[in-house]
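Have a look at coords.cif below; it lists mmCIF, C-alpha atoms and all ligand atoms.
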data_run
#
loop_
_atom_site.label_atom_id
_atom_site.label_comp_id
_atom_site.auth_asym_id
_atom_site.auth_seq_id
_atom_site.Cartn_x
_atom_site.Cartn_y
_atom_site.Cartn_z
CA MET A 2 66.62 -0.34 24.82
CA ALA A 3 67.69 3.26 25.06
CA TYR A 4 68.86 4.89 21.90
CA THR A 5 71.37 7.71 22.02
CA VAL A 6 71.18 10.20 19.20
CA PRO A 7 74.44 10.89 17.27
CA LYS A 8 76.30 14.01 18.31
CA LEU A 9 76.34 17.07 16.08
CA THR A 10 79.97 17.97 15.54
CA ASP A 11 79.07 20.86 13.25
CA TYR A 12 75.89 22.34 11.77
CA SER A 13 76.63 21.93 8.08
CA GLU A 14 73.92 20.74 5.71
CA ALA A 15 75.80 17.48 5.11
CA MET A 16 76.05 16.79 8.82
CA LEU A 17 72.35 17.48 9.40
CA GLN A 18 71.35 15.24 6.51
CA ARG A 19 73.55 12.40 7.78
CA VAL A 20 72.18 12.39 11.32
CA ARG A 21 68.65 12.71 9.99
CA ASP A 22 69.07 9.69 7.67
CA GLU A 23 70.64 7.68 10.47
CA LEU A 24 67.71 8.33 12.78
CA LEU A 25 65.13 7.62 10.10
CA SER A 26 66.55 4.21 9.24
CA ALA A 27 66.75 3.26 12.94
CA LEU A 28 63.15 4.38 13.32
CA GLU A 29 61.94 2.40 10.33
CA TYR A 30 63.78 -0.73 11.45
CA GLN A 31 62.37 -0.70 14.95
CA ALA A 32 58.84 0.01 13.78
CA GLU A 33 58.94 -3.03 11.51
CA GLU A 34 60.22 -5.24 14.31
CA THR A 35 57.28 -4.40 16.56
CA GLU A 36 55.45 -7.72 16.93
CA SER A 37 54.15 -7.75 20.48
CA GLU A 38 52.73 -5.42 23.09
CA ALA A 39 56.16 -5.44 24.81
CA ASP A 40 57.86 -4.41 21.55
CA LEU A 41 55.38 -1.60 21.14
CA LYS A 42 56.03 -0.30 24.66
CA ASN A 43 59.74 -0.47 24.04
CA PHE A 44 59.34 1.39 20.75
CA ARG A 45 57.36 4.16 22.44
CA ASP A 46 59.84 4.48 25.33
CA THR A 47 62.71 4.74 22.86
CA TRP A 48 61.21 7.29 20.55
CA VAL A 49 58.60 9.32 22.39
CA GLY A 50 59.40 8.53 26.02
CA ARG A 51 59.33 11.78 27.94
CA LYS A 52 62.48 11.19 29.97
CA ASN A 53 65.04 10.07 27.48
CA GLY A 54 63.14 9.42 24.26
CA VAL A 55 64.65 10.47 20.94
CA VAL A 56 62.23 13.38 20.57
CA THR A 57 63.37 14.75 23.95
CA GLN A 58 67.01 14.17 23.05
CA ILE A 59 66.94 15.98 19.71
CA ASN A 60 65.12 18.88 21.33
CA GLU A 61 67.71 19.19 24.08
CA LEU A 62 70.95 18.08 22.43
CA TRP A 63 70.39 19.41 18.94
CA LEU A 64 67.99 22.30 18.98
CA LYS A 65 68.54 23.98 22.32
CA ALA A 66 72.33 23.53 22.09
CA ALA A 67 72.56 24.98 18.58
CA PRO A 68 74.04 28.46 18.15
CA LYS A 69 71.64 31.15 17.02
CA GLU A 70 72.63 31.14 13.37
CA ALA A 71 72.11 27.35 13.05
CA LYS A 72 68.76 27.21 14.90
CA LYS A 73 66.66 27.50 11.78
CA ALA A 74 68.32 24.62 9.88
CA VAL A 75 68.41 22.39 12.96
CA GLY A 76 64.78 23.26 13.78
CA GLN A 77 63.69 22.12 10.34
CA VAL A 78 65.39 18.72 10.69
CA VAL A 79 64.07 18.30 14.25
CA ASN A 80 60.50 19.03 13.14
CA GLU A 81 60.74 16.71 10.21
CA LEU A 82 62.01 13.93 12.44
CA LYS A 83 59.29 14.55 15.04
CA THR A 84 56.58 14.18 12.40
CA SER A 85 58.13 10.95 11.13
CA ILE A 86 58.45 9.55 14.64
CA GLU A 87 54.77 10.24 15.38
CA ARG A 88 53.70 8.63 12.13
CA TYR A 89 55.77 5.53 12.70
CA ALA A 90 54.53 5.23 16.28
CA GLU A 91 50.93 5.19 15.01
CA GLN A 92 51.75 2.72 12.29
CA ALA A 93 53.54 0.37 14.65
CA ALA A 94 50.38 0.23 16.80
CA LEU A 95 48.19 -0.44 13.76
CA LEU A 96 50.56 -3.08 12.47
CA LEU A 97 50.45 -4.82 15.81
CA SER A 98 46.63 -4.99 15.82
CA GLY A 99 46.83 -6.48 12.31
CA ILE A 100 49.24 -9.11 13.54
CA THR A 101 46.91 -9.93 16.45
CA LEU A 102 44.04 -10.31 14.01
CA ASP A 103 46.12 -12.57 11.74
CA ARG A 104 47.08 -14.76 14.67
CA ALA A 105 43.49 -15.05 15.84
CA LEU A 106 42.42 -16.05 12.34
CA ASP A 107 45.22 -18.60 12.13
CA ALA A 108 44.37 -20.05 15.51
CA ALA A 109 40.69 -20.34 14.59
CA THR A 110 41.53 -22.06 11.31
CA ARG A 111 43.83 -24.50 13.07
CA GLN A 112 41.05 -25.41 15.50
CA GLY A 113 38.80 -26.24 12.56
CA GLU A 114 36.58 -23.18 12.99
CA THR A 115 35.58 -21.24 9.96
CA PRO A 116 37.23 -17.85 10.22
CA LEU A 117 35.10 -14.76 9.86
CA PRO A 118 34.32 -14.17 6.22
CA VAL A 119 36.58 -11.19 5.60
CA PRO A 120 36.09 -9.88 2.08
CA TYR A 121 39.43 -10.10 0.31
CA PHE A 122 39.64 -6.50 -0.80
CA GLY A 123 38.41 -5.25 2.58
CA TYR A 124 41.04 -7.27 4.39
CA GLN A 125 43.83 -6.00 2.17
CA GLU A 126 42.63 -2.52 2.75
CA ILE A 127 42.78 -3.00 6.52
CA VAL A 128 46.26 -4.51 6.49
CA GLU A 129 47.74 -1.86 4.32
CA SER A 130 46.22 1.29 5.60
CA GLU A 131 43.59 1.77 8.28
CA LYS A 132 43.93 -1.09 10.67
CA PRO A 133 41.52 -0.88 13.58
CA SER A 134 43.40 -0.05 16.73
CA GLU A 135 41.55 -2.78 18.68
CA SER A 136 41.85 -6.44 17.90
CA VAL A 137 38.73 -8.46 17.10
CA ASP A 138 37.79 -11.32 19.40
CA ILE A 139 36.31 -13.73 16.91
CA THR A 140 35.52 -16.25 19.61
CA LEU A 141 32.63 -14.08 20.85
CA PRO A 142 29.15 -15.10 19.64
CA GLY A 143 27.75 -12.90 16.85
CA VAL A 144 25.06 -10.29 17.39
CA ARG A 145 21.61 -11.76 16.63
CA ARG A 146 19.45 -9.49 14.56
CA PRO A 147 15.95 -10.98 14.59
CA LEU A 148 13.89 -10.21 11.51
CA GLY A 149 10.73 -8.20 12.08
CA ALA A 150 7.29 -9.35 10.93
CA GLU A 151 4.20 -7.54 9.75
CA HIS A 152 1.87 -6.60 12.60
CA PRO A 153 -1.45 -8.50 12.33
CA VAL A 154 -3.40 -5.24 12.00
CA ILE A 155 -1.11 -3.94 9.25
CA LYS A 156 -1.24 -7.35 7.56
CA THR A 157 -5.04 -7.21 7.51
CA MET A 158 -4.89 -3.61 6.26
CA HIS A 159 -2.60 -4.63 3.39
CA GLU A 160 -4.90 -7.51 2.45
CA ILE A 161 -7.93 -5.23 2.22
CA VAL A 162 -5.99 -2.57 0.28
CA GLY A 163 -4.78 -5.34 -2.07
CA VAL A 164 -8.34 -6.45 -2.87
CA PHE A 165 -9.34 -2.90 -3.84
CA GLN A 166 -6.14 -2.21 -5.75
CA LYS A 167 -7.02 -5.17 -7.98
CA LEU A 168 -10.35 -3.45 -8.66
CA GLY A 169 -8.47 -0.34 -9.85
CA TYR A 170 -8.65 1.68 -6.64
CA SER A 171 -5.70 3.85 -5.63
CA VAL A 172 -4.55 4.63 -2.08
CA ALA A 173 -4.94 8.06 -0.47
CA GLU A 174 -3.82 9.28 2.94
CA GLY A 175 -4.46 12.28 5.15
CA PRO A 176 -3.38 13.86 8.44
CA VAL A 177 -4.18 12.27 11.81
CA VAL A 178 -4.38 15.74 13.43
CA GLU A 179 -7.36 17.14 11.56
CA THR A 180 -9.49 20.27 11.56
CA ASP A 181 -13.07 20.31 12.76
CA TYR A 182 -14.02 21.30 9.19
CA TYR A 183 -12.75 18.12 7.51
CA ASN A 184 -13.55 15.74 10.36
CA PHE A 185 -17.10 16.98 10.93
CA GLU A 186 -18.46 20.02 9.11
CA ALA A 187 -17.73 19.07 5.50
CA LEU A 188 -19.06 15.57 6.25
CA ASN A 189 -22.43 17.10 7.08
CA PHE A 190 -22.03 17.10 10.87
CA PRO A 191 -23.01 20.78 11.51
CA PRO A 192 -21.85 22.39 14.80
CA ASN A 193 -23.85 21.01 17.72
CA HIS A 194 -25.26 18.13 15.64
CA PRO A 195 -25.97 15.20 18.00
CA ALA A 196 -24.11 12.78 15.69
CA ARG A 197 -20.89 14.45 16.88
CA ASP A 198 -21.43 12.92 20.31
CA THR A 199 -20.83 9.43 18.97
CA GLN A 200 -17.34 10.48 17.91
CA ASP A 201 -15.89 12.28 20.91
CA THR A 202 -12.13 12.67 20.70
CA LEU A 203 -9.13 14.63 21.91
CA PHE A 204 -9.04 18.28 20.94
CA ILE A 205 -5.80 20.24 20.88
CA ALA A 206 -5.86 22.67 23.85
CA GLY A 207 -5.87 26.48 23.74
CA GLN A 208 -7.75 26.98 20.46
CA GLN A 209 -10.77 28.89 21.79
CA ALA A 210 -9.77 32.01 19.89
CA LYS A 211 -10.01 30.20 16.55
CA PRO A 212 -13.25 29.74 14.61
CA LEU A 213 -14.68 26.23 15.28
CA ARG A 214 -13.96 24.91 11.79
CA GLU A 215 -10.21 25.61 12.16
CA ARG A 216 -9.79 23.94 15.54
CA LEU A 217 -7.57 20.88 15.59
CA LEU A 218 -8.49 17.44 16.89
CA LEU A 219 -7.36 13.86 16.51
CA ARG A 220 -9.44 12.56 13.61
CA THR A 221 -12.19 10.17 14.65
CA HIS A 222 -12.46 8.42 11.29
CA THR A 223 -10.74 8.26 7.90
CA SER A 224 -13.76 9.91 6.23
CA PRO A 225 -12.20 13.45 6.22
CA VAL A 226 -9.78 12.18 3.56
CA GLN A 227 -12.80 11.78 1.25
CA ILE A 228 -13.14 15.58 1.20
CA ARG A 229 -9.39 16.22 1.05
CA THR A 230 -9.07 13.89 -1.96
CA MET A 231 -12.07 15.36 -3.77
CA GLU A 232 -10.56 18.83 -3.29
CA LYS A 233 -7.45 17.64 -5.12
CA MET A 234 -8.80 15.22 -7.72
CA GLN A 235 -11.69 15.66 -10.08
CA PRO A 236 -14.18 12.84 -10.71
CA PRO A 237 -14.16 10.00 -11.57
CA ILE A 238 -12.29 8.70 -8.50
CA ARG A 239 -11.90 5.36 -6.81
CA ILE A 240 -9.80 5.41 -3.66
CA VAL A 241 -9.18 3.54 -0.45
CA ILE A 242 -7.85 5.35 2.61
CA PRO A 243 -6.19 3.31 5.37
CA GLY A 244 -5.09 5.04 8.57
CA VAL A 245 -5.04 5.60 12.30
CA VAL A 246 -7.99 7.22 14.10
CA HIS A 247 -8.78 8.18 17.73
CA ARG A 248 -11.89 8.24 19.90
CA ASN A 249 -12.73 8.83 23.52
CA ASP A 250 -13.09 5.09 24.20
CA PRO A 251 -11.45 3.67 27.32
CA PRO A 252 -9.37 0.61 26.45
CA ASP A 253 -10.97 -2.81 26.99
CA ALA A 254 -11.13 -6.14 25.17
CA SER A 255 -12.94 -4.64 22.19
CA HIS A 256 -12.12 -0.89 22.39
CA SER A 257 -9.03 1.24 22.10
CA PRO A 258 -8.64 5.04 22.05
CA MET A 259 -6.44 4.50 18.97
CA PHE A 260 -7.44 2.14 16.21
CA HIS A 261 -7.33 1.68 12.44
CA GLN A 262 -9.86 2.19 9.70
CA ILE A 263 -10.05 1.80 5.99
CA GLU A 264 -12.29 4.05 3.98
CA GLY A 265 -13.45 3.66 0.39
CA LEU A 266 -14.88 6.19 -2.03
CA ALA A 267 -16.04 5.83 -5.64
CA VAL A 268 -17.51 8.83 -7.48
CA ASP A 269 -18.57 8.95 -11.12
CA THR A 270 -21.68 9.63 -13.16
CA ASN A 271 -24.39 7.05 -12.54
CA ILE A 272 -22.94 5.22 -9.55
CA THR A 273 -25.79 3.34 -7.90
CA PHE A 274 -26.50 1.40 -4.72
CA GLY A 275 -26.17 -1.71 -6.93
CA ASP A 276 -22.51 -0.79 -7.55
CA LEU A 277 -21.99 -0.43 -3.81
CA LYS A 278 -23.52 -3.85 -3.11
CA GLY A 279 -21.66 -5.60 -5.92
CA THR A 280 -18.29 -4.09 -4.99
CA LEU A 281 -18.54 -4.87 -1.29
CA ASP A 282 -19.92 -8.37 -1.92
CA HIS A 283 -16.94 -9.08 -4.17
CA ALA A 284 -14.47 -7.63 -1.63
CA MET A 285 -15.89 -9.75 1.23
CA LYS A 286 -15.69 -12.92 -0.88
CA ALA A 287 -12.09 -12.08 -1.85
CA LEU A 288 -11.22 -11.59 1.83
CA TYR A 289 -13.20 -14.34 3.55
CA GLY A 290 -13.85 -16.93 0.85
CA SER A 291 -16.40 -17.32 -1.92
CA SER A 292 -19.01 -19.00 0.29
CA VAL A 293 -19.41 -15.86 2.44
CA LYS A 294 -22.80 -14.17 2.13
CA THR A 295 -23.39 -10.44 2.58
CA HIS A 296 -26.38 -8.67 4.03
CA PHE A 297 -27.15 -4.91 4.24
CA ARG A 298 -29.17 -3.33 7.04
CA PRO A 299 -30.38 0.28 7.06
CA SER A 300 -28.37 2.66 9.24
CA PHE A 301 -27.52 6.33 9.63
CA PHE A 302 -24.39 8.35 8.89
CA PRO A 303 -24.58 12.12 8.30
CA PHE A 304 -22.46 11.90 5.13
CA THR A 305 -24.32 9.09 3.32
CA GLU A 306 -27.95 8.80 2.23
CA PRO A 307 -29.16 6.11 2.25
CA SER A 308 -26.78 4.49 4.74
CA ALA A 309 -26.28 0.86 5.64
CA GLU A 310 -24.29 -1.55 7.75
CA LEU A 311 -22.76 -4.51 6.03
CA TYR A 312 -22.88 -7.93 7.66
CA VAL A 313 -21.14 -11.09 6.49
CA THR A 314 -21.86 -14.68 7.49
CA CYS A 315 -19.73 -15.36 10.54
CA PHE A 316 -16.37 -16.65 9.33
CA ILE A 317 -15.89 -18.46 12.61
CA CYS A 318 -19.06 -20.60 12.67
CA GLY A 319 -19.94 -20.31 8.97
CA GLY A 320 -23.31 -18.72 9.78
CA SER A 321 -24.71 -21.47 12.02
CA GLY A 322 -24.25 -19.51 15.26
CA LYS A 323 -22.74 -22.63 16.86
CA ARG A 324 -19.31 -24.13 17.29
CA GLY A 325 -20.02 -27.80 17.77
CA SER A 326 -22.49 -27.84 20.61
CA ASP A 327 -21.19 -24.50 22.01
CA PRO A 328 -22.62 -21.10 21.12
CA CYS A 329 -20.43 -19.03 18.73
CA ARG A 330 -19.27 -16.01 20.72
CA PRO A 331 -17.87 -13.68 18.00
CA CYS A 332 -21.27 -13.44 16.24
CA LYS A 333 -23.26 -13.73 19.46
CA GLN A 334 -24.96 -16.79 17.97
CA THR A 335 -26.59 -14.74 15.23
CA GLY A 336 -24.46 -16.19 12.41
CA TRP A 337 -23.74 -12.65 11.16
CA ILE A 338 -20.89 -10.24 11.84
CA GLU A 339 -21.03 -6.51 11.18
CA VAL A 340 -17.99 -5.46 9.17
CA LEU A 341 -18.49 -1.87 8.02
CA GLY A 342 -20.66 1.19 7.50
CA CYS A 343 -21.49 2.38 3.99
CA GLY A 344 -23.88 4.32 1.84
CA MET A 345 -24.41 6.64 -1.09
CA VAL A 346 -22.51 9.94 -0.70
CA ASP A 347 -24.94 12.55 0.61
CA PRO A 348 -25.47 15.40 -1.92
CA ASN A 349 -24.75 17.84 0.95
CA VAL A 350 -21.18 16.47 1.05
CA PHE A 351 -20.70 17.10 -2.68
CA GLU A 352 -21.80 20.71 -2.07
CA PHE A 353 -18.53 21.31 -0.18
CA VAL A 354 -16.45 20.29 -3.23
CA LYS A 355 -18.89 21.39 -5.90
CA ASP A 356 -16.38 23.78 -7.48
CA ASN A 357 -13.99 20.94 -8.19
CA GLY A 358 -16.37 19.08 -10.49
CA TYR A 359 -18.59 17.40 -7.91
CA ASP A 360 -21.96 18.91 -8.87
CA PRO A 361 -24.45 16.78 -6.90
CA LYS A 362 -26.83 16.95 -9.85
CA LYS A 363 -24.24 15.37 -12.15
CA VAL A 364 -22.23 12.93 -10.05
CA SER A 365 -23.04 10.22 -7.56
CA GLY A 366 -20.92 7.93 -5.46
CA PHE A 367 -20.70 5.41 -2.70
CA ALA A 368 -18.48 5.27 0.37
CA PHE A 369 -17.69 2.78 3.09
CA GLY A 370 -15.59 2.66 6.26
CA ALA A 371 -14.40 -0.39 8.20
CA GLY A 372 -12.56 -0.84 11.48
CA ILE A 373 -9.52 -2.94 10.68
CA ASP A 374 -8.55 -3.96 14.21
CA ARG A 375 -11.82 -5.74 14.89
CA LEU A 376 -11.58 -7.59 11.60
CA ALA A 377 -8.03 -8.70 12.47
CA LEU A 378 -9.26 -9.77 15.91
CA LEU A 379 -11.96 -11.98 14.42
CA LYS A 380 -9.79 -13.27 11.63
CA TYR A 381 -7.01 -14.46 13.92
CA GLY A 382 -9.24 -15.53 16.80
CA VAL A 383 -7.61 -13.08 19.26
CA ASP A 384 -9.87 -12.46 22.27
CA ASP A 385 -8.50 -9.14 23.52
CA LEU A 386 -7.84 -6.07 21.35
CA GLN A 387 -5.24 -4.80 23.83
CA TYR A 388 -2.79 -7.53 22.78
CA PHE A 389 -2.39 -5.74 19.46
CA PHE A 390 -1.00 -2.59 21.06
CA GLN A 391 1.11 -3.85 23.96
CA GLY A 392 4.12 -4.63 21.77
CA ASP A 393 4.74 -8.00 23.43
CA VAL A 394 7.06 -9.86 21.06
CA ARG A 395 5.83 -13.26 22.31
CA PHE A 396 2.38 -12.35 20.98
CA LEU A 397 3.51 -10.65 17.78
CA GLU A 398 6.02 -13.29 16.70
CA GLN A 399 3.11 -15.64 16.01
CA TRP A 400 2.78 -13.73 12.74
CA ALA A 401 6.47 -14.00 11.88
N1 LIG A 501 -16.77 7.08 9.31
C1 LIG A 501 -17.70 6.11 9.85
C2 LIG A 501 -17.32 5.78 11.28
O1 LIG A 501 -16.18 5.92 11.63
C3 LIG A 501 -17.69 4.86 9.03
C4 LIG A 501 -18.32 5.08 7.68
C5 LIG A 501 -19.66 4.84 7.51
C6 LIG A 501 -17.54 5.51 6.64
C7 LIG A 501 -20.26 5.04 6.27
C8 LIG A 501 -18.13 5.71 5.38
C9 LIG A 501 -19.48 5.46 5.23
O2 LIG A 501 -17.44 6.15 4.33
O3 LIG A 501 -20.04 5.66 4.02
O4 LIG A 501 -18.15 5.38 12.04
#
Take the structure I supplied and represent it as structure tokens, if you would.
Amino acid sequence: MAYTVPKLTDYSEAMLQRVRDELLSALEYQAEETESEADLKNFRDTWVGRKNGVVTQINELWLKAAPKEAKKAVGQVVNELKTSIERYAEQAALLLSGITLDRALDAATRQGETPLPVPYFGYQEIVESEKPSESVDITLPGVRRPLGAEHPVIKTMHEIVGVFQKLGYSVAEGPVVETDYYNFEALNFPPNHPARDTQDTLFIAGQQAKPLRERLLLRTHTSPVQIRTMEKMQPPIRIVIPGVVHRNDPPDASHSPMFHQIEGLAVDTNITFGDLKGTLDHAMKALYGSSVKTHFRPSFFPFTEPSAELYVTCFICGGSGKRGSDPCRPCKQTGWIEVLGCGMVDPNVFEFVKDNGYDPKKVSGFAFGAGIDRLALLKYGVDDLQYFFQGDVRFLEQWA
């Protein structure tokens, strides 16, 4: 429905005010009556249509036609009207989307569906001010947001950390990209020591110009955090250090170039091998049940002296080496499973942090380090380590 703007018979203030008021009330009326897409199109054609819309008309018939001396006053009214028209056009569109939403809600209620739970205040807010310009199709199914679950390796890590936290240990962490100094040298692996060969890893390229101890590599164990923590904290300390480590191990059912370890360190005056045995025996019973037995066998690590490997009775076959009449595979029929490396902190290691209160003549300590992934593998009866790192939800949701 075309709307023809009133004619200006003179340019007096009274005349301008009258035509302005007339247009504004027509504008307001039509905006309120906009209840369908067709109404909205009609509204736009009438007011902002390029050919014969009101904005075009007042530009042509009022402003351009006005004599020079009246241009300023007419221009002001024209601008004011243009702003109002734009605002009402926007509001009419918003109002319409609100009406569409109302109707959809009504229809859903009539069909016995529960309408979307729209918070009362939020809904009011939408109706009165910022209505979305698109309507909501409440008949569409909602977006499913599946809850995540703890990864079995992280779950196992948390369980072990929990056992030591109850014993008064705190948690420390360190960088995964480590220097040769912390990863090897300060742990009593001197340059060219053959024990380095057992822990080959990725080195960051282009560092030949740096002294060896400053060169960066992906840490091969969590043990460097022993040194980093002792540099920061004076004895006595009791810490566990969970984290990611890397080695040059091609992936297979029991190896991965990336895996997880948890390290432990206790330093005080008069810490003995008896403390080490008692602590680890308690931790294994807390993790695998009170009937589990522990057993220490001599071993070698550059940073502990003496060193040992800890075995527990196989938690699959209970130590018998058999599952029914079949041989128990996880313990290779021995009835024992190796769970970690440990030992008394080598005095040479304390030498590197001597100035921070770790005089090897005054303090002693024990340390241990366990591979978490293998423990999780055994605990959950998973037969291939690679499953842990492939991110297949069908596998991982078994822990949900
Ligand atoms: N860092 C050793 C490894 O990755 C494990 C280890 C052995 C850690 C003995 C220790 C320890 O703290 O005392 O093979």
Q. Closest to ligand LIG 501 (chain A) among A:Val78, A:Leu386, A:Ile139, A:Ala267, using all atoms listed in the file?
A. A:Ala267
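Proximity of A:Leu217, A:Ile161, A:Ala32, A:Leu97 to A:Ser136, computed with all atoms listed in the file, is greatest for A:Leu97.
Atom pair atom CA of A:Gly344 / atom CA of A:Lys156 has a distance of 26.1 Å (rounded to one decimal).
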**Q.** Interatomic distance (Å, one decimal) between atom CA of A:Phe297 and atom CA of A:Gly320
**A.** 15.4 Å
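Take the candidates A:Asp269, A:Glu174, A:Glu186, A:Asp46 and check each one against A:Val364 using all atoms listed in the file; the shortest distance goes to A:Asp269.
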Q. With only C-alpha atoms as the atoms that count, which of A:Val154, A:Leu341, A:Leu203, A:Leu218 lies nearest to A:Phe390?
A. A:Val154
**Q.** Contacts of A:Asp253 at 12 Å (only C-alpha atoms; same-chain gap of 2+ positions) as a ChimeraX atom specification
**A.** /A:250-251,255-259,384-390
Sorted by chain and rising residue number, which residues of chain A lie within 10 Å of ligand LIG 501 (chain A), and what are their closest atom pairs and distances in Å to one decimal, counting all atoms listed in the file, as a Markdown table?
| residue | atom | partner | partner_atom | distance |
| --- | --- | --- | --- | --- |
| A:Asn184 | CA | A:LIG501 | N1 | 9.3 |
| A:Leu188 | CA | A:LIG501 | N1 | 9.3 |
| A:Thr199 | CA | A:LIG501 | O4 | 8.5 |
| A:Gln200 | CA | A:LIG501 | O4 | 7.8 |
| A:Arg220 | CA | A:LIG501 | O1 | 9.7 |
| A:Thr221 | CA | A:LIG501 | O1 | 6.6 |
| A:His222 | CA | A:LIG501 | O1 | 4.5 |
| A:Thr223 | CA | A:LIG501 | N1 | 6.3 |
| A:Ser224 | CA | A:LIG501 | N1 | 5.2 |
| A:Pro225 | CA | A:LIG501 | N1 | 8.4 |
| A:Val226 | CA | A:LIG501 | O2 | 9.8 |
| A:Gln227 | CA | A:LIG501 | O2 | 7.9 |
| A:Val241 | CA | A:LIG501 | O2 | 9.9 |
| A:Ile242 | CA | A:LIG501 | O2 | 9.8 |
| A:Val246 | CA | A:LIG501 | O1 | 8.7 |
| A:His247 | CA | A:LIG501 | O1 | 9.9 |
| A:Arg248 | CA | A:LIG501 | O1 | 9.6 |
| A:His261 | CA | A:LIG501 | O1 | 9.8 |
| A:Gln262 | CA | A:LIG501 | O1 | 7.6 |
| A:Ile263 | CA | A:LIG501 | C6 | 8.4 |
| A:Glu264 | CA | A:LIG501 | O2 | 5.6 |
| A:Gly265 | CA | A:LIG501 | O2 | 6.1 |
| A:Leu266 | CA | A:LIG501 | O2 | 6.9 |
| A:Ser300 | CA | A:LIG501 | C7 | 9.0 |
| A:Phe301 | CA | A:LIG501 | C7 | 8.1 |
| A:Phe302 | CA | A:LIG501 | C7 | 5.9 |
| A:Pro303 | CA | A:LIG501 | C7 | 8.5 |
| A:Phe304 | CA | A:LIG501 | O3 | 6.8 |
| A:Thr305 | CA | A:LIG501 | O3 | 5.5 |
| A:Glu306 | CA | A:LIG501 | O3 | 8.7 |
| A:Pro307 | CA | A:LIG501 | O3 | 9.3 |
| A:Ser308 | CA | A:LIG501 | C7 | 6.7 |
| A:Ala309 | CA | A:LIG501 | C7 | 7.4 |
| A:Glu310 | CA | A:LIG501 | C7 | 7.9 |
| A:Leu311 | CA | A:LIG501 | C7 | 9.9 |
| A:Leu341 | CA | A:LIG501 | C5 | 6.8 |
| A:Gly342 | CA | A:LIG501 | C5 | 3.8 |
| A:Cys343 | CA | A:LIG501 | O3 | 3.6 |
| A:Gly344 | CA | A:LIG501 | O3 | 4.6 |
| A:Met345 | CA | A:LIG501 | O3 | 6.8 |
| A:Val346 | CA | A:LIG501 | O3 | 6.8 |
| A:Asp347 | CA | A:LIG501 | O3 | 9.1 |
| A:Gly366 | CA | A:LIG501 | O3 | 9.8 |
| A:Phe367 | CA | A:LIG501 | O3 | 6.8 |
| A:Ala368 | CA | A:LIG501 | O3 | 4.0 |
| A:Phe369 | CA | A:LIG501 | O2 | 3.6 |
| A:Gly370 | CA | A:LIG501 | C6 | 3.5 |
| A:Ala371 | CA | A:LIG501 | C3 | 6.3 |
| A:Gly372 | CA | A:LIG501 | O1 | 7.7 |
